[in-house]
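Shown next, in structure tokens, is the structure this report addresses.
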Amino acid sequence: MVDLTSNLAGITSPNPFWLASAPPTNSAYQVMKAFDCGWGGAVWKTIGEPIVNVSSRYSSVNYKNFRMMGLNNIELITDRSLADNLRELREVKKHYPKHALVASLMVESKRETWHTYVKQVEDCGVDGLELNFGCPHGMSERGMGSAVGQVPDYACQITEWVKEVARTPVIVKLTPNISNIVYPGLAAQKGKADAVSLINTINSITGIDLDTFEPRPKVRGHSSHGGYCGPAVKPIALNLVAALTSHPEFKLPVSGIGGIETWQDAVEFMLLGATNVQVCTAVMHYGFRIVDGLISGLTEWMQAKGFEKLADFRGKTIGRIKDWGDLDLNYKIVASIDRGKCIGCQVCYIACEDGAHQSIALSGDPKDRVPKVLEDVCVGCNLCSLVCPVDGCITMKEVDNGRPSVSWRQYQAKLAAGPAAAH
């Protein structure tokens, strides 16, 4: 039996798949529909002083035949009245008491204002609060969002204000638009946050119309920097999650966000220590029903691996993330081409010859288009296997060079001890 129940800082949900605070959580209609489809929780679209949004709001980066590899938005927080949001929060929680419902908040940096909003949303029966310290556009120019998240002292102070009156768990949503995510993460922890979520969107300009010279998305011929999300940001999100979960002083649970589209994406976040995950762009692209694949895929994978609950594999990869200086300099791999699978496209040769280490040669026989790896030259960079269009055709095999493991840091220590120790 597999138990997908998730518990993030005391906020329980039937599974770890939550909707992130975004357009898909803008109304009771959407959130209730999502819960009916199987989502375990939802973070309501950020509530604050209602604003006026612009038109248009979204633009995307497409790659070849893949639409919306990355999505940019210049949409701000809710443009619906506080009364409407409060009424609908109460309605959702009444009908779905076992699902996680979290209110996202962003208001001006005044203690009494935060206190007022916290009390109002908690009176609706929400299970927790998410403090939006991450929005990189529009609101940040007003002293909110990432303008708070980029200054650890501000993030700590506002978290402390919220914790003075909050009765439910408080999650701090972190901005990736900062040089070191550890500082705001530790600031949230110092402010007594119960958890953090990351990443929020990345500052971006996604494109320019080459005929009209207008940036996208267009607002009467003009545009602004916006927040970037979608599959393209997943590697950045994974790195920032790992930076926090691997830090010895950071102890809070993490809700992972950023480019999650498949169950495999979700597992990667949880292997790096995330307790649950939040999804946005994939739902905007494909709809709420994608949760079916998320749940079934995770369940089948856990059964195959012998895991009974999420905690059984959470964080299993954290110990494998090291500083570059601690990696083994004497580990050696070389490329190996399977002649039976090779289709003779020679893309690996071109990539290696022009873009890497000239470690692949052609036979010279026009009847033999299978390239050959020059193992004595190959540095094991993986490029050939990455560009090869045939799965399993090029693999990387380990070579025993007879040398003991040694890292750069160990080697430097030996050098400092003297020439004899270095050898």
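Here's how to read the names in the structure tokens: chain A, B, ... by the order shown, residue numbers from 1 in each chain, ligand numbers from 1 in the order shown.
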**Prompt:** Can you list, as JSON, numbers by chain, every protein, DNA or RNA residue that comes within 9 Å of Gly355 in chain A when you count only C-alpha atoms, leaving out same-chain residues fewer than 4 positions away?
**Reply:** {"A": [350, 351, 383]}
**Request:** Can you pull out every residue within 12 Å of Lys110 in chain A, counting only C-alpha atoms, but drop anything in the same chain fewer than 3 positions away, and send it as JSON, numbers by chain?
**Result:** {"A": [106, 107, 113, 114, 115, 116, 117, 143, 144, 154, 157, 158, 159, 160, 161, 162]}
Output N, CA and C atoms of each residue in that selection to a file, as a short mmCIF file (atom, residue, chain, number, x, y, z; two decimals), in the first residue's frame.
```
data_model
loop_
_atom_site.label_atom_id
_atom_site.label_comp_id
_atom_site.auth_asym_id
_atom_site.auth_seq_id
_atom_site.Cartn_x
_atom_site.Cartn_y
_atom_site.Cartn_z
N MET A 106 -0.18 39.54 0.26
CA MET A 106 0.83 40.55 -0.05
C MET A 106 0.21 41.92 0.20
N VAL A 107 0.69 42.59 1.23
CA VAL A 107 0.16 43.91 1.55
C VAL A 107 1.31 44.85 1.87
N THR A 113 -1.50 46.50 9.08
CA THR A 113 -2.13 46.02 7.85
C THR A 113 -2.00 44.51 7.73
N TRP A 114 -0.80 44.00 8.00
CA TRP A 114 -0.61 42.55 7.97
C TRP A 114 -1.50 41.87 9.00
N HIS A 115 -1.57 42.42 10.19
CA HIS A 115 -2.42 41.84 11.23
C HIS A 115 -3.88 41.76 10.78
N THR A 116 -4.35 42.83 10.16
CA THR A 116 -5.75 42.88 9.72
C THR A 116 -6.05 41.80 8.68
N TYR A 117 -5.18 41.68 7.69
CA TYR A 117 -5.42 40.70 6.62
C TYR A 117 -5.30 39.27 7.13
N GLY A 143 7.06 48.40 -3.36
CA GLY A 143 7.65 48.05 -2.07
C GLY A 143 7.17 46.74 -1.50
N MET A 144 6.58 45.88 -2.34
CA MET A 144 6.09 44.58 -1.88
C MET A 144 6.73 43.47 -2.71
N TYR A 154 13.92 42.64 6.04
CA TYR A 154 12.50 42.92 5.82
C TYR A 154 11.69 41.64 5.89
N GLN A 157 11.31 40.59 9.46
CA GLN A 157 10.44 41.47 10.24
C GLN A 157 8.97 41.22 9.93
N ILE A 158 8.62 41.15 8.65
CA ILE A 158 7.21 40.96 8.30
C ILE A 158 6.72 39.58 8.73
N THR A 159 7.60 38.57 8.60
CA THR A 159 7.23 37.24 9.10
C THR A 159 6.93 37.29 10.59
N GLU A 160 7.75 38.01 11.33
CA GLU A 160 7.50 38.16 12.78
C GLU A 160 6.16 38.85 13.04
N TRP A 161 5.83 39.87 12.26
CA TRP A 161 4.54 40.55 12.43
C TRP A 161 3.39 39.57 12.24
N VAL A 162 3.50 38.77 11.18
CA VAL A 162 2.43 37.81 10.88
C VAL A 162 2.31 36.78 12.00
#
```
**Among the residues A:Asp292, A:Asp312, A:Asp209, A:Asp194, the one that comes closest to Asp3 in chain A [using only C-alpha atoms]** = A:Asp312
**Prompt:** Using only C-alpha atoms, which residue out of A:Lys332, A:Asp368, A:Cys229, A:Val390 lies closest to Val347 in chain A?
**Reply:**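 Looking only at the distances to Val347 in chain A, the closest residue turns out to be A:Val390.
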**Message:** When you count only C-alpha atoms, which of these residues is closest to Leu105 in chain A: A:Thr201, A:Asn72, A:Asn26, A:Thr46?
**Reply:**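 Ranked by minimum distance to Leu105 in chain A, first place goes to A:Thr46.
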**Contact residues around Val2 in chain A with only C-alpha atoms at 9 Å, ignoring same-chain residues under 3 positions, as a count of residues only** = 9
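For Ala166 in chain A, the list of residues within 8 Å, based on only C-alpha atoms and with local chain neighbours fewer than 3 positions off taken out, reads Val118, Lys119, Glu122, Val162, Lys163, Pro169 and Val170 of chain A.
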Would you mind exporting C-alpha atoms of the selected residues as a PDB file, in the first residue's frame?
```pdb
ATOM      1  CA  VAL A 118      -4.146  37.698   8.538  1.00  0.00           C
ATOM      2  CA  LYS A 119      -7.102  37.777  10.910  1.00  0.00           C
ATOM      3  CA  GLU A 122      -7.933  32.984   8.980  1.00  0.00           C
ATOM      4  CA  VAL A 162       2.432  37.813  10.881  1.00  0.00           C
ATOM      5  CA  LYS A 163       3.424  35.260  13.506  1.00  0.00           C
ATOM      6  CA  PRO A 169       1.081  27.663   9.824  1.00  0.00           C
ATOM      7  CA  VAL A 170       2.934  30.423   7.958  1.00  0.00           C
TER       8      VAL A 170
END
```
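Comparing the minimum interatomic distances between Arg87 in chain A and each of A:Ser27, A:Ala42, A:His137, A:Asn62, counting only C-alpha atoms, we find that A:Ser27 sits nearest.
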**Top pick for closest residue to Leu374 in chain A, considering A:Val334, A:Ser224, A:Ala356, A:Arg320 and counting only C-alpha atoms** = A:Val334
**Request:** Please identify all polymer residues within 8 Å of Asn73 in chain A, counting only C-alpha atoms, omitting same-chain residues fewer than 5 positions from it, and present them as a list in words.
**Result:** Arg57, Tyr58, Ser59, Pro217, Gly226, Gly227 and Tyr228 of chain A
Identify all residues of range 108-147 of chain A in alpha helix (DSSP H) (DSSP on the backbone) and supply them as a compact mmCIF listing (two decimals) with N, CA and C atoms, in the first residue's frame.
```txt
# COMPACT_ATOMS: atom_id res chain seq x y z
N ARG A 111 2.74 46.88 10.03
CA ARG A 111 2.39 45.81 10.97
C ARG A 111 0.88 45.65 11.11
N GLU A 112 0.17 46.76 11.28
CA GLU A 112 -1.27 46.67 11.50
C GLU A 112 -2.00 46.17 10.26
N THR A 113 -1.50 46.50 9.08
CA THR A 113 -2.13 46.02 7.85
C THR A 113 -2.00 44.51 7.73
N TRP A 114 -0.80 44.00 8.00
CA TRP A 114 -0.61 42.55 7.97
C TRP A 114 -1.50 41.87 9.00
N HIS A 115 -1.57 42.42 10.19
CA HIS A 115 -2.42 41.84 11.23
C HIS A 115 -3.88 41.76 10.78
N THR A 116 -4.35 42.83 10.16
CA THR A 116 -5.75 42.88 9.72
C THR A 116 -6.05 41.80 8.68
N TYR A 117 -5.18 41.68 7.69
CA TYR A 117 -5.42 40.70 6.62
C TYR A 117 -5.30 39.27 7.13
N VAL A 118 -4.32 39.04 7.99
CA VAL A 118 -4.15 37.70 8.54
C VAL A 118 -5.39 37.26 9.29
N LYS A 119 -5.91 38.13 10.12
CA LYS A 119 -7.10 37.78 10.91
C LYS A 119 -8.31 37.54 10.01
N GLN A 120 -8.45 38.35 8.98
CA GLN A 120 -9.61 38.21 8.09
C GLN A 120 -9.60 36.88 7.33
N VAL A 121 -8.45 36.51 6.78
CA VAL A 121 -8.42 35.27 5.99
C VAL A 121 -8.48 34.05 6.91
N GLU A 122 -7.87 34.14 8.08
CA GLU A 122 -7.93 32.98 8.98
C GLU A 122 -9.35 32.77 9.50
N SER A 146 9.03 40.87 -4.27
CA SER A 146 10.47 40.62 -4.20
C SER A 146 11.24 41.77 -3.55
N ALA A 147 10.64 42.96 -3.49
CA ALA A 147 11.29 44.06 -2.79
C ALA A 147 11.47 43.72 -1.31
```
**Item:** All strand (DSSP E or B) positions in range 12-215 of chain A, as a count of residues only
**Value:** 47
